[in-house]
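Visitor: See start_30.txt below, with compact mmCIF, C-alpha atoms.
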```txt
# COMPACT_ATOMS: atom_id res chain seq x y z
CA MET P 236 -2.52 -1.99 -36.87
CA THR P 237 1.27 -1.88 -36.67
CA GLU P 238 2.71 -3.43 -33.53
CA ASP P 239 4.63 -1.03 -31.29
CA LEU P 240 7.47 -3.51 -30.85
CA LYS P 241 8.28 -7.10 -31.69
CA PHE P 242 9.62 -9.83 -29.42
CA GLU P 243 11.37 -12.84 -30.85
CA VAL P 244 11.99 -15.83 -28.58
CA GLY P 245 15.38 -17.50 -28.98
CA THR P 246 16.71 -20.41 -26.93
CA ARG P 247 14.61 -21.96 -24.18
CA LEU P 248 16.08 -23.62 -21.10
CA ALA P 249 16.17 -27.40 -21.51
CA ASP P 250 13.65 -28.06 -18.70
CA VAL P 251 11.41 -25.09 -19.49
CA ASP P 252 8.37 -27.39 -19.42
CA LYS P 253 8.60 -27.61 -15.61
CA PRO P 254 6.21 -25.35 -13.63
CA GLY P 255 7.96 -22.13 -12.62
CA VAL P 256 10.82 -22.63 -15.10
CA ASN P 257 10.43 -20.31 -18.08
CA ALA P 258 13.96 -19.15 -18.92
CA ARG P 259 14.65 -18.10 -22.48
CA THR P 260 16.69 -15.76 -24.59
CA GLY P 261 15.14 -13.37 -27.05
CA VAL P 262 15.23 -10.01 -28.79
CA ILE P 263 12.96 -7.02 -28.15
CA ARG P 264 12.84 -4.86 -31.27
CA THR P 265 11.98 -1.20 -30.55
CA PRO P 266 11.95 1.95 -32.71
CA HIS P 267 15.29 2.99 -31.16
CA GLY P 268 17.06 -0.36 -31.47
CA ASP P 269 17.09 -3.98 -30.35
CA ILE P 270 17.52 -5.40 -26.85
CA ALA P 271 18.97 -8.92 -26.60
CA THR P 272 17.43 -10.62 -23.57
CA PRO P 273 17.88 -11.38 -20.74
CA ALA P 274 19.21 -7.85 -20.21
CA PHE P 275 19.92 -5.53 -17.30
CA ILE P 276 18.56 -1.99 -17.79
CA PRO P 277 20.43 0.72 -15.81
CA VAL P 278 18.23 3.32 -14.11
CA GLY P 279 18.55 6.94 -15.22
CA THR P 280 16.08 8.39 -12.72
CA LYS P 281 16.22 12.04 -13.82
CA ALA P 282 17.16 11.34 -17.44
CA THR P 283 20.72 10.50 -16.38
CA VAL P 284 22.46 7.48 -14.92
CA LYS P 285 24.05 9.35 -12.04
CA THR P 286 27.70 10.36 -12.65
CA LEU P 287 27.85 8.85 -16.18
CA THR P 288 27.55 10.35 -19.65
CA PRO P 289 25.52 8.45 -22.27
CA GLU P 290 28.80 7.64 -23.99
CA GLN P 291 30.10 6.02 -20.81
CA ILE P 292 26.86 4.07 -20.42
CA ARG P 293 27.30 2.70 -23.93
CA GLN P 294 30.84 1.69 -23.02
CA THR P 295 29.48 -0.53 -20.23
CA GLY P 296 27.55 -2.55 -22.80
CA ALA P 297 24.12 -1.41 -21.60
CA GLN P 298 21.46 -1.75 -24.28
CA ALA P 299 18.76 0.50 -22.81
CA ILE P 300 18.07 2.78 -19.86
CA LEU P 301 15.01 3.42 -17.67
CA ALA P 302 13.92 6.93 -16.66
CA ASN P 303 11.50 7.93 -13.94
CA ALA P 304 8.17 9.50 -14.90
CA TYR P 305 7.53 10.93 -11.42
CA HIS P 306 10.85 12.76 -11.16
CA LEU P 307 10.79 14.07 -14.73
CA TYR P 308 7.21 15.26 -14.31
CA LEU P 309 8.29 17.35 -11.33
CA GLN P 310 11.51 18.54 -12.96
CA PRO P 311 11.98 19.68 -15.72
CA GLY P 312 8.48 18.66 -16.90
CA HIS P 313 7.45 16.12 -19.53
CA ASP P 314 6.28 18.93 -21.80
CA LEU P 315 9.83 20.27 -21.99
CA VAL P 316 11.24 16.81 -22.77
CA ASP P 317 8.57 16.38 -25.44
CA GLU P 318 9.50 19.74 -26.96
CA ALA P 319 13.16 18.64 -27.02
CA GLY P 320 12.24 15.58 -29.08
CA GLY P 321 11.82 13.01 -26.32
CA LEU P 322 14.31 11.33 -24.03
CA SER P 323 16.46 10.09 -26.88
CA ARG P 324 17.26 13.56 -28.19
CA PHE P 325 17.08 15.35 -24.84
CA THR P 326 19.70 13.08 -23.26
CA ASN P 327 21.74 12.07 -26.33
CA TRP P 328 21.02 8.42 -25.49
CA ARG P 329 20.15 7.05 -28.92
CA GLY P 330 19.21 3.56 -27.78
CA PRO P 331 15.95 2.10 -26.41
CA THR P 332 14.38 3.67 -23.31
CA PHE P 333 11.89 2.59 -20.66
CA THR P 334 9.87 4.84 -18.35
CA ASP P 335 8.11 3.64 -15.21
CA SER P 336 4.60 4.86 -14.48
CA GLY P 337 5.46 6.96 -11.44
CA GLY P 338 3.23 4.78 -9.27
CA PHE P 339 6.05 3.55 -7.03
CA GLN P 340 7.47 7.01 -6.37
CA VAL P 341 4.12 8.72 -5.92
CA MET P 342 3.18 6.32 -3.15
CA SER P 343 6.55 5.33 -1.68
CA LEU P 344 8.00 8.83 -1.43
CA GLY P 345 4.61 10.25 -0.58
CA ALA P 346 3.85 7.74 2.16
CA GLY P 347 7.31 7.50 3.63
CA PHE P 348 7.91 3.82 2.82
CA LYS P 349 11.51 2.68 2.86
CA LYS P 350 12.70 1.91 -0.65
CA THR P 351 13.79 -1.57 0.52
CA LEU P 352 10.53 -2.41 2.27
CA ALA P 353 9.20 -4.54 -0.57
CA MET P 354 12.08 -6.98 -0.05
CA ASP P 355 12.22 -6.98 3.77
CA THR P 356 9.62 -7.57 6.47
CA LYS P 357 11.94 -7.88 9.47
CA GLY P 358 10.56 -6.07 12.49
CA LEU P 359 7.19 -5.45 10.84
CA GLU P 360 3.88 -7.07 11.67
CA ARG P 361 1.40 -8.36 9.15
CA GLY P 362 -2.30 -7.81 9.63
CA ASP P 363 -5.29 -5.74 8.71
CA ILE P 364 -3.59 -2.50 9.72
CA LYS P 365 -0.69 -1.16 7.68
CA ALA P 366 2.70 -0.80 9.33
CA GLU P 367 3.26 2.48 11.08
CA LYS P 368 4.54 5.10 8.63
CA LYS P 369 5.47 8.73 8.58
CA GLU P 370 2.71 11.23 7.95
CA ARG P 371 1.14 10.21 4.66
CA LEU P 372 1.86 12.55 1.80
CA ALA P 373 -0.01 10.37 -0.72
CA GLN P 374 -3.69 9.41 -0.67
CA VAL P 375 -5.18 6.75 -2.95
CA ASP P 376 -8.75 6.76 -4.25
CA GLU P 377 -10.47 5.02 -7.13
CA ASP P 378 -9.60 7.76 -9.59
CA GLY P 379 -5.90 8.16 -8.74
CA VAL P 380 -3.45 9.46 -6.16
CA ASP P 381 -3.02 12.87 -4.53
CA PHE P 382 0.50 13.54 -3.35
CA LYS P 383 2.93 16.22 -2.28
CA SER P 384 6.14 16.89 -4.17
CA PHE P 385 9.22 15.75 -2.29
CA ILE P 386 10.98 18.82 -3.76
CA ASP P 387 8.83 21.68 -2.49
CA GLY P 388 5.72 20.19 -0.90
CA SER P 389 3.44 21.35 -3.72
CA ARG P 390 0.32 19.27 -4.30
CA HIS P 391 -0.19 17.13 -7.39
CA ARG P 392 -2.46 14.37 -8.66
CA PHE P 393 -1.61 11.31 -10.74
CA THR P 394 -4.28 9.29 -12.50
CA PRO P 395 -3.81 6.55 -15.09
CA GLU P 396 -4.48 9.14 -17.79
CA VAL P 397 -1.94 11.60 -16.37
CA SER P 398 0.71 8.87 -16.17
CA MET P 399 0.13 8.03 -19.84
CA GLN P 400 0.31 11.69 -20.83
CA ILE P 401 3.61 12.09 -18.98
CA GLN P 402 5.13 8.95 -20.46
CA HIS P 403 4.01 9.79 -23.98
CA GLY P 404 5.59 13.21 -23.57
CA LEU P 405 8.85 11.63 -22.41
CA GLY P 406 8.85 9.55 -25.59
CA ALA P 407 10.22 6.25 -24.24
CA ASP P 408 9.90 3.07 -26.29
CA ILE P 409 8.42 1.10 -23.40
CA LEU P 410 5.90 2.50 -20.89
CA PHE P 411 4.31 0.92 -17.84
CA ALA P 412 0.68 1.11 -16.79
CA PHE P 413 -0.08 3.09 -13.62
CA ASP P 414 -0.41 0.71 -10.67
CA GLU P 415 -0.90 0.89 -6.92
CA LEU P 416 2.13 0.20 -4.73
CA THR P 417 1.49 -2.12 -1.82
CA THR P 418 3.88 -3.50 0.79
CA LEU P 419 4.36 -6.91 2.35
CA VAL P 420 2.73 -5.67 5.56
CA ASP P 421 -0.57 -4.85 3.88
CA SER P 422 -3.26 -7.46 4.58
CA LYS P 423 -4.27 -9.93 1.91
CA ARG P 424 -7.67 -8.26 1.77
CA TYR P 425 -6.06 -4.94 0.90
CA GLN P 426 -3.69 -6.63 -1.58
CA GLY P 427 -6.73 -8.03 -3.37
CA GLU P 428 -8.39 -4.62 -3.49
CA ALA P 429 -5.19 -3.11 -4.91
CA VAL P 430 -5.02 -5.83 -7.59
CA GLU P 431 -8.57 -5.02 -8.70
CA ARG P 432 -7.89 -1.28 -8.65
CA THR P 433 -4.67 -1.76 -10.63
CA ARG P 434 -6.64 -3.78 -13.20
CA ARG P 435 -9.20 -1.01 -13.59
CA TRP P 436 -6.40 1.54 -13.88
CA ALA P 437 -4.73 -0.68 -16.50
CA GLN P 438 -7.86 -0.49 -18.64
CA ARG P 439 -7.83 3.30 -18.38
CA CYS P 440 -4.14 3.29 -19.30
CA LEU P 441 -4.91 1.22 -22.40
CA ASP P 442 -7.68 3.62 -23.41
CA GLU P 443 -5.51 6.71 -22.94
CA HIS P 444 -2.50 5.08 -24.60
CA HIS P 445 -4.59 4.29 -27.65
CA ARG P 446 -6.00 7.83 -27.75
CA LEU P 447 -2.59 9.47 -27.44
CA THR P 448 -1.02 7.16 -30.02
CA GLU P 449 -3.68 8.14 -32.53
CA LEU P 450 -3.40 11.82 -31.59
CA ARG P 451 0.40 11.82 -31.84
CA SER P 452 0.65 9.80 -35.03
CA ASP P 453 3.75 11.74 -36.10
CA LYS P 454 5.72 10.31 -33.14
CA LYS P 455 7.52 6.98 -32.97
CA LYS P 456 5.27 4.25 -31.63
CA GLN P 457 5.46 3.43 -27.93
CA SER P 458 4.65 0.12 -26.28
CA LEU P 459 2.54 -0.02 -23.10
CA TRP P 460 3.18 -2.87 -20.65
CA GLY P 461 0.75 -3.97 -17.95
CA VAL P 462 2.04 -4.40 -14.38
CA VAL P 463 1.26 -7.51 -12.32
CA GLN P 464 0.69 -7.02 -8.60
CA GLY P 465 -0.40 -9.44 -5.86
CA ALA P 466 2.48 -9.47 -3.37
CA GLN P 467 3.43 -12.92 -2.06
CA TYR P 468 0.04 -14.56 -2.72
CA GLU P 469 -0.12 -17.11 -5.54
CA ASP P 470 -3.85 -16.74 -6.13
CA LEU P 471 -3.62 -12.95 -6.35
CA ARG P 472 -0.58 -13.01 -8.64
CA ARG P 473 -2.19 -15.49 -11.02
CA ASP P 474 -5.51 -13.66 -10.96
CA ALA P 475 -3.80 -10.31 -11.62
CA THR P 476 -1.91 -11.82 -14.56
CA ARG P 477 -4.99 -13.39 -16.10
CA GLY P 478 -6.90 -10.14 -15.70
CA LEU P 479 -4.27 -8.19 -17.67
CA ILE P 480 -4.17 -10.86 -20.37
CA GLU P 481 -7.94 -10.55 -20.73
CA LEU P 482 -7.69 -6.76 -21.05
CA ASP P 483 -5.10 -7.23 -23.77
CA ARG P 484 -7.27 -9.74 -25.63
CA ARG P 485 -10.31 -7.47 -25.59
CA ALA P 486 -8.32 -4.46 -26.75
CA ARG P 487 -6.93 -6.35 -29.74
CA GLU P 488 -10.29 -7.83 -30.66
CA ASP P 489 -11.60 -4.26 -30.79
CA GLY P 490 -8.76 -3.22 -33.11
CA ARG P 491 -7.08 -1.17 -30.41
CA ARG P 492 -3.61 -1.28 -28.93
CA GLY P 493 -3.03 -3.88 -26.26
CA PHE P 494 -0.07 -4.58 -24.00
CA GLY P 495 3.27 -5.03 -25.72
CA GLY P 496 4.67 -6.82 -22.67
CA PHE P 497 4.26 -7.13 -18.92
CA GLY P 498 6.00 -5.85 -15.82
CA ILE P 499 6.21 -7.77 -12.55
CA GLY P 500 6.13 -5.33 -9.67
CA GLY P 501 4.97 -4.72 -6.14
CA ALA P 502 6.02 -6.38 -2.94
CA ILE P 503 8.18 -9.47 -3.44
CA GLU P 504 9.84 -11.46 -0.66
CA LYS P 505 13.45 -12.01 -1.64
CA GLU P 506 13.52 -15.63 -0.52
CA ASN P 507 10.45 -16.37 -2.70
CA LEU P 508 11.34 -14.18 -5.68
CA GLY P 509 11.87 -17.01 -8.15
CA GLN P 510 8.66 -18.74 -7.13
CA ILE P 511 6.59 -15.56 -7.41
CA VAL P 512 8.01 -14.67 -10.82
CA GLY P 513 7.38 -18.26 -11.88
CA TRP P 514 3.69 -18.03 -10.96
CA VAL P 515 3.33 -14.96 -13.14
CA CYS P 516 5.37 -16.22 -16.10
CA ASP P 517 3.53 -19.57 -16.09
CA GLU P 518 0.41 -17.55 -16.92
CA LEU P 519 1.89 -15.02 -19.37
CA PRO P 520 1.91 -15.60 -23.14
CA GLU P 521 5.29 -16.69 -24.47
CA ASP P 522 5.33 -14.11 -27.25
CA LYS P 523 5.41 -11.10 -24.89
CA PRO P 524 8.50 -9.84 -22.99
CA ARG P 525 8.51 -9.64 -19.18
CA HIS P 526 10.25 -7.00 -17.08
CA LEU P 527 11.01 -7.44 -13.38
CA LEU P 528 11.07 -4.11 -11.58
CA GLY P 529 13.84 -3.30 -9.10
CA ILE P 530 16.12 -6.38 -9.08
CA SER P 531 19.94 -6.53 -9.42
CA GLU P 532 21.54 -8.82 -6.80
CA PRO P 533 23.28 -11.76 -8.55
CA ASP P 534 21.26 -14.51 -6.84
CA ASP P 535 18.02 -12.65 -7.64
CA LEU P 536 19.02 -12.26 -11.28
CA PHE P 537 19.62 -15.99 -11.71
CA ALA P 538 16.36 -16.84 -9.93
CA ALA P 539 14.37 -14.36 -11.99
CA VAL P 540 15.85 -15.49 -15.31
CA GLU P 541 15.14 -19.13 -14.51
CA ALA P 542 11.53 -18.20 -13.68
CA GLY P 543 11.10 -16.36 -16.99
CA ALA P 544 11.93 -12.65 -16.58
CA ASP P 545 13.55 -11.07 -19.64
CA THR P 546 14.67 -7.63 -18.44
CA PHE P 547 15.44 -6.01 -15.08
CA ASP P 548 16.16 -2.57 -13.66
CA CYS P 549 17.53 -1.44 -10.32
CA VAL P 550 19.28 1.57 -8.76
CA ALA P 551 21.40 -0.62 -6.45
CA PRO P 552 24.55 -0.82 -8.63
CA THR P 553 24.74 2.97 -8.99
CA ARG P 554 23.68 3.83 -5.44
CA LEU P 555 26.20 1.39 -3.98
CA ALA P 556 28.93 2.77 -6.23
CA ARG P 557 28.54 6.34 -5.01
CA ARG P 558 29.42 5.11 -1.52
CA GLY P 559 32.48 3.27 -2.76
CA GLY P 560 30.90 -0.19 -2.93
CA VAL P 561 31.91 -2.27 -5.94
CA TYR P 562 31.16 -5.74 -7.29
CA THR P 563 33.86 -8.31 -7.97
CA LEU P 564 33.82 -11.96 -8.96
CA ASP P 565 34.62 -12.69 -5.30
CA GLY P 566 31.78 -10.58 -3.90
CA ARG P 567 31.32 -6.96 -2.89
CA MET P 568 34.00 -4.78 -1.41
CA THR P 569 34.09 -1.20 -0.14
CA LEU P 570 36.97 0.87 -1.47
CA THR P 571 36.85 3.34 1.42
CA ASN P 572 38.42 0.67 3.64
CA ALA P 573 41.96 1.45 4.79
CA ARG P 574 43.35 -1.77 3.33
CA PHE P 575 42.98 -0.33 -0.18
CA LYS P 576 45.10 2.78 0.48
CA ARG P 577 48.19 1.19 -1.08
CA ASP P 578 46.51 -1.44 -3.25
CA PHE P 579 47.59 -0.62 -6.80
CA SER P 580 45.68 -3.42 -8.49
CA GLY P 581 42.48 -2.85 -10.44
CA ILE P 582 39.08 -3.36 -8.83
CA ASP P 583 38.82 -6.82 -10.42
CA GLU P 584 41.55 -7.55 -12.93
CA GLU P 585 40.13 -10.96 -13.80
CA PHE P 586 36.77 -9.42 -14.65
CA GLY P 587 38.52 -6.63 -16.53
CA GLY P 588 36.55 -3.76 -18.01
CA TYR P 589 37.56 -0.16 -18.57
CA VAL P 590 37.87 0.87 -14.91
CA SER P 591 39.80 -2.19 -13.73
CA GLN P 592 42.19 -1.88 -16.65
CA ASN P 593 42.93 1.81 -16.15
CA TYR P 594 42.52 2.76 -12.46
CA SER P 595 43.83 1.26 -9.23
CA ARG P 596 41.98 0.56 -6.02
CA ALA P 597 44.40 2.95 -4.31
CA TYR P 598 43.51 5.81 -6.65
CA ILE P 599 39.78 5.29 -6.27
CA HIS P 600 40.25 5.00 -2.47
CA HIS P 601 41.99 8.40 -2.58
CA LEU P 602 39.16 9.92 -4.66
CA LEU P 603 36.54 8.63 -2.23
CA LYS P 604 38.40 9.97 0.81
CA ALA P 605 38.91 13.31 -0.94
CA LYS P 606 35.19 13.34 -1.88
CA GLU P 607 36.03 13.83 -5.55
CA TYR P 608 33.15 13.29 -7.99
CA LEU P 609 35.32 11.10 -10.21
CA ALA P 610 35.13 8.38 -7.55
CA GLY P 611 31.40 7.99 -8.17
CA THR P 612 31.93 7.94 -11.92
CA LEU P 613 34.54 5.18 -11.83
CA CYS P 614 32.72 3.00 -9.29
CA THR P 615 29.41 3.43 -11.10
CA MET P 616 30.88 2.62 -14.47
CA HIS P 617 32.43 -0.54 -13.04
CA ASN P 618 29.25 -1.70 -11.28
CA VAL P 619 27.02 -1.09 -14.29
CA GLU P 620 29.43 -2.94 -16.57
CA PHE P 621 29.68 -5.79 -14.05
CA THR P 622 25.90 -6.21 -13.81
CA VAL P 623 25.30 -5.81 -17.53
CA ARG P 624 27.99 -8.35 -18.35
CA LEU P 625 26.71 -10.79 -15.73
CA VAL P 626 23.28 -10.84 -17.35
CA ASP P 627 24.88 -11.04 -20.80
CA ASN P 628 26.79 -14.11 -19.59
CA ILE P 629 23.57 -15.61 -18.26
CA ARG P 630 22.05 -15.12 -21.71
CA THR P 631 25.02 -16.85 -23.32
CA SER P 632 24.83 -19.71 -20.83
CA ILE P 633 21.21 -20.36 -21.84
CA ASP P 634 22.13 -20.33 -25.53
CA GLU P 635 24.99 -22.76 -24.84
CA GLY P 636 22.92 -25.06 -22.61
CA ARG P 637 24.98 -24.48 -19.44
CA PHE P 638 22.79 -22.14 -17.39
CA TYR P 639 22.85 -24.25 -14.22
CA GLU P 640 26.58 -24.86 -14.44
CA TYR P 641 27.26 -21.15 -14.82
CA ARG P 642 24.91 -20.31 -11.95
CA GLU P 643 26.68 -22.68 -9.58
CA GLU P 644 30.10 -21.49 -10.70
CA PHE P 645 29.33 -17.77 -10.38
CA LEU P 646 27.25 -17.77 -7.19
CA GLY P 647 29.49 -20.29 -5.46
CA ARG P 648 32.43 -17.95 -5.88
CA TYR P 649 30.58 -14.65 -5.41
CA TYR P 650 29.04 -15.63 -2.08
CA ALA P 651 31.91 -17.79 -0.83
CA SER P 652 33.01 -15.16 1.68
CA LEU P 653 29.55 -15.29 3.33
CA LYS P 654 29.76 -19.01 4.08
```
Spit out the file's structure as structure tokens when you get a sec.
Guide:
Amino acid sequence: MTEDLKFEVGTRLADVDKPGVNARTGVIRTPHGDIATPAFIPVGTKATVKTLTPEQIRQTGAQAILANAYHLYLQPGHDLVDEAGGLSRFTNWRGPTFTDSGGFQVMSLGAGFKKTLAMDTKGLERGDIKAEKKERLAQVDEDGVDFKSFIDGSRHRFTPEVSMQIQHGLGADILFAFDELTTLVDSKRYQGEAVERTRRWAQRCLDEHHRLTELRSDKKKQSLWGVVQGAQYEDLRRDATRGLIELDRRAREDGRRGFGGFGIGGAIEKENLGQIVGWVCDELPEDKPRHLLGISEPDDLFAAVEAGADTFDCVAPTRLARRGGVYTLDGRMTLTNARFKRDFSGIDEEFGGYVSQNYSRAYIHHLLKAKEYLAGTLCTMHNVEFTVRLVDNIRTSIDEGRFYEYREEFLGRYYASLK
């Protein structure tokens, strides 16, 4: 059986033999091109990175993009994207693509969770009862999830099989198994139940992925990745990881398709991110890539890479940009502030990049105040390039044996204003 993708490990961090330290470089080889890792993957929720053309995304140095199965299922429909030839042809993005399973959106949008809840428990109580939420629009059972569309309130149902059918139709190179979203305020008992349910769903995803791959043999091969849950609990995270590894082993022994890699998802406390990722990566096989879902802050990126994550995605750089927030080597700044009205320097001339070399802070300030769409384009292009290049530099620092020196240099300067 031909593998759906190949992963080649490159340089390992010098002290990679320490528990929780698993940093490495590598290359993920997909049908639509290679991804040098570690790598940041911009999010194109509705088959577009908001405000940017695919050509502009390429100009940032991005190697791949991630699209959202939930949103594309609702509009325009995965069948239409399939008819168009998959995401690559539909969007004119000719590089590698990821699609998430839709599990996060089905349950977060449906249940009214804040999108930042997984990283923040301030003001919330832990216990056997979930934190108070808006009226639930999503209901979980053993078979799947019933939910209402956030667009028009129409009712829908996602199961592991439906998620696989949607993602196969979208035609991405890398797919994620359907999992159950939990939050940090769910009890450990419920977290354990969700881990077991996610494991059972992962088996169903493997079965359906294999069936669809055989049925659609004329299509380019797609790689399914299992998703590790378990919140902030070491025993649950390790157990969830081992369970997915066992599913993969059984599938391959039976001559079927297993997991091409693994995603690390669910509720993660920011202050313990590196430790949690380390627990998972200590258990995972070295010859499979690892994707951390929803991470982009510089300190989180360094922590996750050190712990062993290979790729990352997050909407933060683009969402922040549309409000005028931009990254610089000296930290974030907001270009709507009055002090930039007559500042004719680039956003970050030392960092460089297309936007900093061609547009002034004063001009972008004007665009933001005038509510011109170009403001979002320029800020987004800058932020994506900044984040992509940061992770590229982290990769280079591992290859050159100076990861820790680069981390101290970058973070010391980036967060200096907060001290």
Visitor: Would you kindly return, as a PDB file with C-alpha atoms, in the coordinates of the input, each protein, DNA or RNA residue with an atom no farther than 10 Å from any atom of Asp414 of chain P, considering only C-alpha atoms and excluding same-chain residues fewer than 2 positions away?
Guide:
```
ATOM      1  CA  SER P 336       4.600   4.860 -14.480  1.00  0.00           C
ATOM      2  CA  GLY P 337       5.460   6.960 -11.440  1.00  0.00           C
ATOM      3  CA  GLY P 338       3.230   4.780  -9.270  1.00  0.00           C
ATOM      4  CA  PHE P 339       6.050   3.550  -7.030  1.00  0.00           C
ATOM      5  CA  GLY P 379      -5.900   8.160  -8.740  1.00  0.00           C
ATOM      6  CA  THR P 394      -4.280   9.290 -12.500  1.00  0.00           C
ATOM      7  CA  PRO P 395      -3.810   6.550 -15.090  1.00  0.00           C
ATOM      8  CA  SER P 398       0.710   8.870 -16.170  1.00  0.00           C
ATOM      9  CA  PHE P 411       4.310   0.920 -17.840  1.00  0.00           C
ATOM     10  CA  ALA P 412       0.680   1.110 -16.790  1.00  0.00           C
ATOM     11  CA  LEU P 416       2.130   0.200  -4.730  1.00  0.00           C
ATOM     12  CA  THR P 417       1.490  -2.120  -1.820  1.00  0.00           C
ATOM     13  CA  ALA P 429      -5.190  -3.110  -4.910  1.00  0.00           C
ATOM     14  CA  VAL P 430      -5.020  -5.830  -7.590  1.00  0.00           C
ATOM     15  CA  ARG P 432      -7.890  -1.280  -8.650  1.00  0.00           C
ATOM     16  CA  THR P 433      -4.670  -1.760 -10.630  1.00  0.00           C
ATOM     17  CA  ARG P 434      -6.640  -3.780 -13.200  1.00  0.00           C
ATOM     18  CA  ARG P 435      -9.200  -1.010 -13.590  1.00  0.00           C
ATOM     19  CA  TRP P 436      -6.400   1.540 -13.880  1.00  0.00           C
ATOM     20  CA  ALA P 437      -4.730  -0.680 -16.500  1.00  0.00           C
ATOM     21  CA  CYS P 440      -4.140   3.290 -19.300  1.00  0.00           C
ATOM     22  CA  GLY P 461       0.750  -3.970 -17.950  1.00  0.00           C
ATOM     23  CA  VAL P 462       2.040  -4.400 -14.380  1.00  0.00           C
ATOM     24  CA  VAL P 463       1.260  -7.510 -12.320  1.00  0.00           C
ATOM     25  CA  GLN P 464       0.690  -7.020  -8.600  1.00  0.00           C
ATOM     26  CA  GLY P 500       6.130  -5.330  -9.670  1.00  0.00           C
ATOM     27  CA  GLY P 501       4.970  -4.720  -6.140  1.00  0.00           C
TER      28      GLY P 501
END
```
Visitor: Return the single residue from P:Leu602, P:Leu405, P:Leu307, P:Ile386 that is closest to Lys455 of chain P, with distances computed using all atoms listed in the file.
Guide: P:Leu405
Visitor: Atom CA of Ile292 of chain P to atom CA of Ala319 of chain P: how many Å, to one decimal?
Guide: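 Going from atom CA of Ile292 of chain P over to atom CA of Ala319 of chain P covers 21.1 Å.
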Visitor: Please determine, counting all atoms listed in the file, which residue among P:Phe645, P:Tyr308, P:Tyr468, P:Trp514 has the shortest atom-to-atom distance to Ala502 of chain P.
Guide: P:Tyr468
Visitor: Compile the contact shell of Asp317 of chain P as a PDB file with C-alpha atoms, keeping the file's coordinate frame: residues with an atom at most 12 Å away, counting only C-alpha atoms, same-chain residues fewer than 6 positions apart removed.
Guide:
```
ATOM      1  CA  LEU P 307      10.790  14.070 -14.730  1.00  0.00           C
ATOM      2  CA  TYR P 308       7.210  15.260 -14.310  1.00  0.00           C
ATOM      3  CA  PRO P 311      11.980  19.680 -15.720  1.00  0.00           C
ATOM      4  CA  SER P 323      16.460  10.090 -26.880  1.00  0.00           C
ATOM      5  CA  ARG P 324      17.260  13.560 -28.190  1.00  0.00           C
ATOM      6  CA  PHE P 325      17.080  15.350 -24.840  1.00  0.00           C
ATOM      7  CA  THR P 326      19.700  13.080 -23.260  1.00  0.00           C
ATOM      8  CA  GLN P 400       0.310  11.690 -20.830  1.00  0.00           C
ATOM      9  CA  ILE P 401       3.610  12.090 -18.980  1.00  0.00           C
ATOM     10  CA  GLN P 402       5.130   8.950 -20.460  1.00  0.00           C
ATOM     11  CA  HIS P 403       4.010   9.790 -23.980  1.00  0.00           C
ATOM     12  CA  GLY P 404       5.590  13.210 -23.570  1.00  0.00           C
ATOM     13  CA  LEU P 405       8.850  11.630 -22.410  1.00  0.00           C
ATOM     14  CA  GLY P 406       8.850   9.550 -25.590  1.00  0.00           C
ATOM     15  CA  ALA P 407      10.220   6.250 -24.240  1.00  0.00           C
ATOM     16  CA  ARG P 451       0.400  11.820 -31.840  1.00  0.00           C
ATOM     17  CA  LYS P 454       5.720  10.310 -33.140  1.00  0.00           C
TER      18      LYS P 454
END
```
Visitor: Pick from P:Glu488, P:Asp583, P:Glu504, P:Asp522: nearest to Lys241 of chain P, with only C-alpha atoms counted?
Guide: P:Asp522
Visitor: Using Å and a single decimal, report how far atom CA of Gln426 of chain P sits from atom CA of Leu459 of chain P.
Guide: 23.4 Å
Visitor: Counting only C-alpha atoms, which residue out of P:Glu428, P:Pro266, P:Val619, P:Phe575 sits closest to Cys549 of chain P?
Guide: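 Looking at the shortest contact to Cys549 of chain P, the residue is P:Val619.
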Visitor: As an exercise, work out the distance from atom CA of Phe537 of chain P to atom CA of Val626 of chain P in Å and give it to one decimal place.
Guide: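 Computing the Euclidean distance for atom CA of Phe537 of chain P and atom CA of Val626 of chain P yields 8.5 Å.
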Visitor: Write out, as a tab-separated table, each residue of segment 464-515 of chain P that has an atom at most 8 Å from segment 253-261 of chain P, together with the closest pair of atoms and their distance in Å to one decimal, counting only C-alpha atoms, rows going by chain and rising number.
Guide:
```
residue	atom	partner	partner_atom	distance
P:Gly509	CA	P:Gly255	CA	7.8
P:Gln510	CA	P:Gly255	CA	6.5
P:Val512	CA	P:Gly255	CA	7.7
P:Gly513	CA	P:Gly255	CA	4.0
P:Trp514	CA	P:Gly255	CA	6.1
```
Visitor: For His445 of chain P, which residue among P:His600, P:Arg487, P:Lys285, P:Arg642 is the nearest when counting only C-alpha atoms?
Guide: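 Comparing P:His600, P:Arg487, P:Lys285, P:Arg642 against His445 of chain P, the winner is P:Arg487.
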Visitor: Point out the residue among P:Gly427, P:Arg473, P:Asp239, P:Phe275 with the least atom-to-atom distance to Ala544 of chain P, counting only C-alpha atoms.
Guide: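 Of P:Gly427, P:Arg473, P:Asp239, P:Phe275, the one nearest Ala544 of chain P is P:Phe275, counting only C-alpha atoms.
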Visitor: Within 12 Å of Gly566 of chain P, counting only C-alpha atoms, which residues qualify if same-chain residues fewer than 4 places away don't, as a VMD selection string?
Guide: chain P and resid 532 to 534 560 to 562 582 to 583 586 618 621 645 to 654
Visitor: In the coordinate frame of the file, compute which residues have an atom within 12 Å of (27.9, 9.2, -21.8) when using only C-alpha atoms, and state them as number ranges by chain.
Guide: P: 279, 282-297, 300, 326-330, 612, 616
Visitor: Neighbourhood query: residues within 8 Å of (44.3, 1.6, -8.9), file coordinates, counting all atoms listed in the file; return as a list of chain:residue names.
Guide: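 Protein, DNA and RNA residues close to (44.3, 1.6, -8.9): P:Asp578, P:Phe579, P:Ser580, P:Gly581, P:Ile582, P:Ser591, P:Asn593, P:Tyr594, P:Ser595, P:Arg596, P:Ala597, P:Tyr598, P:Ile599.
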